[in-house]
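*Asks:* Provided herewith is a single structure, encoded as structure tokens, for subsequent inquiry.
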Amino acid sequence: MIIQSLLHRPFLTVNILGSTVIITSPFTFASTTHAIVRNGLVPVFADIKETDYTLDPSKIEALITDKTVAILPIHVYGHICDVEAIQQIASKHNLKVIYDSAHVFGVKYKNKGIANYGDANMFSFHATKVFHTIEGGAITCKHPQIIERLKDLKNFGIIDEEHVRDVGGNAKMNEFCAAMGICNLRHINEYIEKRELVTKRYDTHLSQIDGLQCLSPQKDVLPNYAYYPVLFNPSVYGHTRDEVYEELKKHHIYARKYFYPITSAFDCYKEDYDASLTPIALHVSKNILTLPLYAELELEAVDEICKIIKEL
Ligand SMILES: *Cc1c(COP(=O)(O)O)cnc(C)c1O
């Protein structure tokens, strides 16, 4: 049904007839879903887990058809997907796994860097991320032929002065951004340690408040403390997420409704999807707030933020 309605969109028609579907989660930043659609592929959304907001492996198999070629799960807030369960499903159905790893730079699972899981990983080095180059990113991939192709694609497909092998674009990192990255890389461990202190300070204050859900550490995971999300349960806590957001803003504290709305509810997709088919993602997006978190954030400022939330 979803594919039928997408057929009305002229820019998608050709590839839908070619029938290429990717299973993903709508609880993500715009670019994850856009990347699928811009390439003429069709995203099909599975719901997330309540515990860590990543793609729920138990929701994937029911959505797989002969049109499905890949799974695109998102590691969320520095918390990783169930990489083993996802790989098992992918191997069973001969699907590729491409991770949106924008939030998990530096994260390890079972002592292995997170990019070792899946066929490919996309990292973002945007200024808001744990490690950044102002703008930019990186792709890791297990398959040498794909790495070669990506190298061509990032420079317009140009391989030498007279040969253009592929329909690429300008996806090169400039020297200035690379220099910024080298500077930040020297301090990355120190940044992550400071983020850990901020995270633990939030935990001390917020774990005592009824109606708030904070994330707990994941087993066998070396975290990067990328974000501090809090899920508000208004009927227990007494205030909605939006009320907390506004109250903080009055004090010039800018929390983010991240991710809100879910991508399937965006103006550009809502005609084609029913957001209520991923009820957990929908619920989380309406009740979650990520609190300020960066290496230089003073612990006293964390105390202030928590005081406002406590006393609301
Ligand atoms: C930041 C982010 C991106 C986009 O990264 P860019 O470097 O801005 O392209 C993609 N996915 C998620 C989950 C992100 O948080």
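The way I read the labels, and the way they are meant: chains A, B, ... in the order of the structure tokens, residue 1 as the first residue of every chain, and ligand 1 as the first ligand shown, with later ones counted on from there.
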Give one line per residue of chain A that approaches ligand 1 to at most 12 Å, naming the two atoms of the closest pair and their distance in Å to one decimal, counting only C-alpha atoms and all ligand atoms; sort by chain then ascending residue number and deliver it as a tab-separated table.

*Replies:*
```
residue	atom	partner	partner_atom_place_in_ligand_line	distance
A:Thr24	CA	ligand 1	13 (C)	11.9
A:Ser25	CA	ligand 1	13 (C)	10.5
A:Pro26	CA	ligand 1	13 (C)	10.3
A:Phe27	CA	ligand 1	13 (C)	8.5
A:Thr28	CA	ligand 1	13 (C)	5.1
A:Phe29	CA	ligand 1	12 (C)	4.8
A:Ala30	CA	ligand 1	10 (C)	7.2
A:Ser31	CA	ligand 1	10 (C)	5.3
A:Thr32	CA	ligand 1	11 (N)	5.5
A:Thr33	CA	ligand 1	11 (N)	9.0
A:His34	CA	ligand 1	10 (C)	9.8
A:Ala35	CA	ligand 1	10 (C)	9.3
A:Ile36	CA	ligand 1	10 (C)	11.9
A:Tyr53	CA	ligand 1	13 (C)	11.7
A:Thr54	CA	ligand 1	13 (C)	10.7
A:Leu72	CA	ligand 1	11 (N)	11.0
A:Pro73	CA	ligand 1	13 (C)	9.7
A:Ile74	CA	ligand 1	13 (C)	6.3
A:His75	CA	ligand 1	13 (C)	7.2
A:Val76	CA	ligand 1	13 (C)	6.6
A:Tyr77	CA	ligand 1	15 (O)	8.1
A:Gly78	CA	ligand 1	13 (C)	9.8
A:His79	CA	ligand 1	13 (C)	11.3
A:Ile80	CA	ligand 1	13 (C)	11.7
A:Tyr99	CA	ligand 1	11 (N)	9.6
A:Asp100	CA	ligand 1	11 (N)	5.8
A:Ser101	CA	ligand 1	13 (C)	7.0
A:Ala102	CA	ligand 1	12 (C)	4.8
A:His103	CA	ligand 1	15 (O)	5.8
A:Val104	CA	ligand 1	13 (C)	9.3
A:Phe105	CA	ligand 1	15 (O)	11.2
A:Asn121	CA	ligand 1	11 (N)	11.0
A:Met122	CA	ligand 1	10 (C)	8.0
A:Phe123	CA	ligand 1	5 (O)	7.3
A:Ser124	CA	ligand 1	7 (O)	3.9
A:Phe125	CA	ligand 1	7 (O)	5.4
A:His126	CA	ligand 1	7 (O)	4.6
A:Ala127	CA	ligand 1	7 (O)	8.4
A:Thr128	CA	ligand 1	1 (C)	7.4
A:Lys129	CA	ligand 1	1 (C)	7.0
A:Val130	CA	ligand 1	1 (C)	10.4
A:Phe131	CA	ligand 1	7 (O)	11.0
A:His132	CA	ligand 1	7 (O)	9.0
A:Thr133	CA	ligand 1	7 (O)	9.5
A:Ile134	CA	ligand 1	7 (O)	9.0
A:Glu135	CA	ligand 1	7 (O)	6.2
A:Gly136	CA	ligand 1	7 (O)	5.4
A:Gly137	CA	ligand 1	7 (O)	5.5
A:Ala138	CA	ligand 1	7 (O)	8.8
A:Ile139	CA	ligand 1	7 (O)	11.0
A:Ala171	CA	ligand 1	9 (O)	10.7
A:Met173	CA	ligand 1	7 (O)	11.3
A:Ala226	CA	ligand 1	15 (O)	10.0
A:Tyr227	CA	ligand 1	15 (O)	10.2
A:Tyr258	CA	ligand 1	15 (O)	9.0
A:Phe259	CA	ligand 1	13 (C)	8.8
A:Ile262	CA	ligand 1	13 (C)	11.7
A:Thr263	CA	ligand 1	13 (C)	11.3
```

*Asks:* Which residues in stretch 221-251 of chain A does DSSP call strand (DSSP E or B)? List them as number ranges by chain.

*Replies:* A: 221-222, 228-232

*Asks:* Write a file of the just-selected residues containing N, CA, C and O atoms, as an mmCIF file, in the first residue's frame.

*Replies:*
```cif
data_model
loop_
_atom_site.group_PDB
_atom_site.id
_atom_site.type_symbol
_atom_site.label_atom_id
_atom_site.label_comp_id
_atom_site.auth_asym_id
_atom_site.auth_seq_id
_atom_site.Cartn_x
_atom_site.Cartn_y
_atom_site.Cartn_z
ATOM 1 N N VAL A 221 29.213 -2.250 26.259
ATOM 2 C CA VAL A 221 29.402 -1.075 25.396
ATOM 3 C C VAL A 221 30.284 -0.038 26.080
ATOM 4 O O VAL A 221 30.067 0.307 27.241
ATOM 5 N N LEU A 222 31.322 0.417 25.373
ATOM 6 C CA LEU A 222 32.107 1.564 25.830
ATOM 7 C C LEU A 222 31.447 2.797 25.216
ATOM 8 O O LEU A 222 31.471 2.974 23.999
ATOM 9 N N TYR A 228 22.117 13.553 26.247
ATOM 10 C CA TYR A 228 21.412 13.190 27.475
ATOM 11 C C TYR A 228 19.907 13.330 27.262
ATOM 12 O O TYR A 228 19.324 14.390 27.511
ATOM 13 N N PRO A 229 19.276 12.254 26.765
ATOM 14 C CA PRO A 229 17.837 12.319 26.519
ATOM 15 C C PRO A 229 17.036 12.003 27.790
ATOM 16 O O PRO A 229 17.432 11.142 28.574
ATOM 17 N N VAL A 230 15.947 12.720 27.978
ATOM 18 C CA VAL A 230 15.020 12.417 29.083
ATOM 19 C C VAL A 230 13.629 12.260 28.494
ATOM 20 O O VAL A 230 13.161 13.119 27.731
ATOM 21 N N LEU A 231 12.979 11.147 28.831
ATOM 22 C CA LEU A 231 11.606 10.906 28.381
ATOM 23 C C LEU A 231 10.666 11.275 29.530
ATOM 24 O O LEU A 231 10.787 10.736 30.636
ATOM 25 N N PHE A 232 9.756 12.226 29.270
ATOM 26 C CA PHE A 232 8.846 12.690 30.316
ATOM 27 C C PHE A 232 7.521 11.945 30.230
ATOM 28 O O PHE A 232 6.948 11.815 29.150
#
```

*Asks:* Taking 3 positions as the minimum chain separation for residues in the same chain, which residues sit within 9 Å of A:Tyr202 when counting only C-alpha atoms? Answer as a PyMOL selection string.

*Replies:* chain A and resi 197-199+205-207+228+299+302-303+305-306

*Asks:* Contacts of A:Leu150 at 12 Å or less, counting only C-alpha atoms, minus same-chain residues fewer than 5 places along, as a PyMOL selection string?

*Replies:* chain A and resi 120+138-141+143-145+155-159+165-172

*Asks:* Write the selection just made, keeping N, CA and C atoms, as a PDB file, in the first residue's frame?

*Replies:*
```pdb
ATOM      1  N   ALA A 120      28.301  -1.382   6.160  1.00  0.00           N
ATOM      2  CA  ALA A 120      28.840  -0.020   6.051  1.00  0.00           C
ATOM      3  C   ALA A 120      28.306   0.827   7.202  1.00  0.00           C
ATOM      4  N   ALA A 138      32.351  10.592   7.491  1.00  0.00           N
ATOM      5  CA  ALA A 138      33.151   9.489   6.961  1.00  0.00           C
ATOM      6  C   ALA A 138      32.257   8.276   6.752  1.00  0.00           C
ATOM      7  N   ILE A 139      32.674   7.452   5.815  1.00  0.00           N
ATOM      8  CA  ILE A 139      31.988   6.178   5.613  1.00  0.00           C
ATOM      9  C   ILE A 139      33.003   5.073   5.820  1.00  0.00           C
ATOM     10  N   THR A 140      32.606   4.040   6.543  1.00  0.00           N
ATOM     11  CA  THR A 140      33.446   2.848   6.629  1.00  0.00           C
ATOM     12  C   THR A 140      32.692   1.732   5.927  1.00  0.00           C
ATOM     13  N   CYS A 141      33.436   0.826   5.313  1.00  0.00           N
ATOM     14  CA  CYS A 141      32.764  -0.242   4.570  1.00  0.00           C
ATOM     15  C   CYS A 141      33.644  -1.474   4.525  1.00  0.00           C
ATOM     16  N   HIS A 143      33.548  -3.760   2.164  1.00  0.00           N
ATOM     17  CA  HIS A 143      33.757  -4.285   0.814  1.00  0.00           C
ATOM     18  C   HIS A 143      34.680  -3.368   0.012  1.00  0.00           C
ATOM     19  N   PRO A 144      35.893  -3.834  -0.332  1.00  0.00           N
ATOM     20  CA  PRO A 144      36.870  -2.979  -1.020  1.00  0.00           C
ATOM     21  C   PRO A 144      36.340  -2.381  -2.327  1.00  0.00           C
ATOM     22  N   GLN A 145      35.503  -3.119  -3.071  1.00  0.00           N
ATOM     23  CA  GLN A 145      35.000  -2.564  -4.351  1.00  0.00           C
ATOM     24  C   GLN A 145      34.126  -1.350  -4.095  1.00  0.00           C
ATOM     25  N   ASN A 155      34.335  12.689  -5.727  1.00  0.00           N
ATOM     26  CA  ASN A 155      34.922  13.724  -6.580  1.00  0.00           C
ATOM     27  C   ASN A 155      34.307  13.687  -7.974  1.00  0.00           C
ATOM     28  N   PHE A 156      32.968  13.771  -8.032  1.00  0.00           N
ATOM     29  CA  PHE A 156      32.220  13.851  -9.291  1.00  0.00           C
ATOM     30  C   PHE A 156      32.392  12.622 -10.176  1.00  0.00           C
ATOM     31  N   GLY A 157      32.912  11.557  -9.640  1.00  0.00           N
ATOM     32  CA  GLY A 157      33.141  10.368 -10.461  1.00  0.00           C
ATOM     33  C   GLY A 157      34.384  10.453 -11.324  1.00  0.00           C
ATOM     34  N   ILE A 158      35.152  11.536 -11.133  1.00  0.00           N
ATOM     35  CA  ILE A 158      36.349  11.752 -11.967  1.00  0.00           C
ATOM     36  C   ILE A 158      37.473  10.829 -11.502  1.00  0.00           C
ATOM     37  N   ILE A 159      38.035  10.020 -12.423  1.00  0.00           N
ATOM     38  CA  ILE A 159      39.154   9.178 -12.015  1.00  0.00           C
ATOM     39  C   ILE A 159      40.499   9.694 -12.519  1.00  0.00           C
ATOM     40  N   ARG A 165      33.965   8.066 -14.448  1.00  0.00           N
ATOM     41  CA  ARG A 165      33.428   6.711 -14.440  1.00  0.00           C
ATOM     42  C   ARG A 165      32.015   6.641 -13.854  1.00  0.00           C
ATOM     43  N   ASP A 166      31.657   7.653 -13.038  1.00  0.00           N
ATOM     44  CA  ASP A 166      30.424   7.508 -12.280  1.00  0.00           C
ATOM     45  C   ASP A 166      29.743   8.871 -12.083  1.00  0.00           C
ATOM     46  N   VAL A 167      28.463   8.833 -11.725  1.00  0.00           N
ATOM     47  CA  VAL A 167      27.695  10.069 -11.545  1.00  0.00           C
ATOM     48  C   VAL A 167      27.865  10.549 -10.109  1.00  0.00           C
ATOM     49  N   GLY A 168      29.016  11.118  -9.821  1.00  0.00           N
ATOM     50  CA  GLY A 168      29.302  11.523  -8.445  1.00  0.00           C
ATOM     51  C   GLY A 168      28.972  12.976  -8.183  1.00  0.00           C
ATOM     52  N   GLY A 169      29.297  13.430  -6.984  1.00  0.00           N
ATOM     53  CA  GLY A 169      29.088  14.828  -6.616  1.00  0.00           C
ATOM     54  C   GLY A 169      30.317  15.357  -5.915  1.00  0.00           C
ATOM     55  N   ASN A 170      30.163  16.523  -5.275  1.00  0.00           N
ATOM     56  CA  ASN A 170      31.272  17.093  -4.528  1.00  0.00           C
ATOM     57  C   ASN A 170      31.112  16.700  -3.064  1.00  0.00           C
ATOM     58  N   ALA A 171      31.748  15.642  -2.663  1.00  0.00           N
ATOM     59  CA  ALA A 171      31.633  15.166  -1.282  1.00  0.00           C
ATOM     60  C   ALA A 171      32.991  15.097  -0.615  1.00  0.00           C
ATOM     61  N   LYS A 172      33.884  15.990  -1.049  1.00  0.00           N
ATOM     62  CA  LYS A 172      35.231  15.995  -0.480  1.00  0.00           C
ATOM     63  C   LYS A 172      35.253  16.817   0.799  1.00  0.00           C
TER      64      LYS A 172
END
```

*Asks:* Using only C-alpha atoms, pick whichever of A:Cys81, A:Ile309, A:Ala178, A:Val21 has the shortest atom-to-atom distance to A:Asp66.

*Replies:*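 Answer, going by the shortest atom-to-atom distance: A:Val21.
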
*Asks:* Just the number, please: distance in Å from atom CA of A:Lys154 to atom CA of A:Val44, one decimal.

*Replies:*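 So the two atoms, atom CA of A:Lys154 and atom CA of A:Val44, lie 27.2 Å apart.
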
*Asks:* By how many Å are atom CA of A:Pro279 and atom CA of A:Asp47 apart?

*Replies:*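 One can read the atom CA of A:Pro279 to atom CA of A:Asp47 distance as 7.1 Å.
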
*Asks:* Using DSSP secondary structure from the backbone, list all alpha helix (DSSP H) positions within stretch 17-83 of chain A, as a ChimeraX atom specification.

*Replies:* /A:17,30-38,83

*Asks:* Next, write the just-selected residues to a file, as a compact mmCIF listing (two decimals), in the first residue's frame, keeping C-alpha atoms as the atom set.

*Replies:*
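Here's the written file result21.txt:
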```
# COMPACT_ATOMS: atom_id res chain seq x y z
CA LEU A 17 9.13 -0.21 -10.48
CA ALA A 30 15.98 14.07 8.43
CA SER A 31 19.03 13.00 6.46
CA THR A 32 18.67 9.25 7.13
CA THR A 33 15.31 8.99 5.41
CA HIS A 34 16.19 11.61 2.79
CA ALA A 35 19.32 9.64 1.80
CA ILE A 36 17.15 6.64 0.98
CA VAL A 37 14.51 8.60 -0.94
CA ARG A 38 16.99 10.80 -2.83
CA VAL A 83 23.84 -5.36 16.13
```

*Asks:* Would you mind reading off the distance between atom CA of A:Tyr254 and atom CA of A:Leu293, one decimal, in Å?

*Replies:*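 Interatomic distance, atom CA of A:Tyr254 to atom CA of A:Leu293: 10.6 Å.
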
*Asks:* Hey, what's within 10 Å of A:Val244 if we count only C-alpha atoms and toss same-chain stuff fewer than 6 positions away? As a ChimeraX atom specification, please?

*Replies:* /A:232,250,255,289,308-309,312

*Asks:* So that I have them on file, write out the residues from the current selection with N, CA, C and O atoms, as a PDB file, in the first residue's frame.

*Replies:*
```pdb
ATOM      1  N   PHE A 232       9.756  12.226  29.270  1.00  0.00           N
ATOM      2  CA  PHE A 232       8.846  12.690  30.316  1.00  0.00           C
ATOM      3  C   PHE A 232       7.521  11.945  30.230  1.00  0.00           C
ATOM      4  O   PHE A 232       6.948  11.815  29.150  1.00  0.00           O
ATOM      5  N   LYS A 250      12.909  29.907  29.017  1.00  0.00           N
ATOM      6  CA  LYS A 250      12.757  31.152  29.787  1.00  0.00           C
ATOM      7  C   LYS A 250      14.038  31.474  30.551  1.00  0.00           C
ATOM      8  O   LYS A 250      14.347  32.619  30.802  1.00  0.00           O
ATOM      9  N   ALA A 255      17.245  23.235  25.398  1.00  0.00           N
ATOM     10  CA  ALA A 255      17.181  21.793  25.196  1.00  0.00           C
ATOM     11  C   ALA A 255      16.643  21.556  23.783  1.00  0.00           C
ATOM     12  O   ALA A 255      16.139  22.477  23.145  1.00  0.00           O
ATOM     13  N   LEU A 289      13.262  14.941  25.365  1.00  0.00           N
ATOM     14  CA  LEU A 289      14.018  16.180  25.307  1.00  0.00           C
ATOM     15  C   LEU A 289      15.477  15.811  25.536  1.00  0.00           C
ATOM     16  O   LEU A 289      15.783  15.051  26.455  1.00  0.00           O
ATOM     17  N   ILE A 308      15.658  23.435  37.905  1.00  0.00           N
ATOM     18  CA  ILE A 308      14.483  23.951  37.191  1.00  0.00           C
ATOM     19  C   ILE A 308      13.506  22.802  36.900  1.00  0.00           C
ATOM     20  O   ILE A 308      12.298  22.935  37.087  1.00  0.00           O
ATOM     21  N   ILE A 309      14.057  21.668  36.481  1.00  0.00           N
ATOM     22  CA  ILE A 309      13.196  20.516  36.153  1.00  0.00           C
ATOM     23  C   ILE A 309      12.540  19.975  37.434  1.00  0.00           C
ATOM     24  O   ILE A 309      11.357  19.621  37.422  1.00  0.00           O
ATOM     25  N   LEU A 312       9.728  22.539  38.827  1.00  0.00           N
ATOM     26  CA  LEU A 312       8.649  23.012  37.921  1.00  0.00           C
ATOM     27  C   LEU A 312       7.266  22.716  38.498  1.00  0.00           C
ATOM     28  O   LEU A 312       7.009  21.600  38.935  1.00  0.00           O
TER      29      LEU A 312
END
```

*Asks:* Which of these residues is nearest to A:Glu190, using only C-alpha atoms: A:Arg256, A:Val69, A:Ile147, A:Asn224?

*Replies:*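 The shortest atom-to-atom distance to A:Glu190 comes from A:Asn224.
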
*Asks:* Could you check which of A:Ile60, A:Ile280, A:Met180, A:Leu248 is closest to A:Pro292, using only C-alpha atoms?

*Replies:* A:Leu248

*Asks:* Using only C-alpha atoms, which residues sit within 9 Å of A:Tyr191 once same-chain residues fewer than 2 positions away are excluded, as number ranges by chain?

*Replies:* A: 130-131, 184, 187-189, 193-196, 294-296
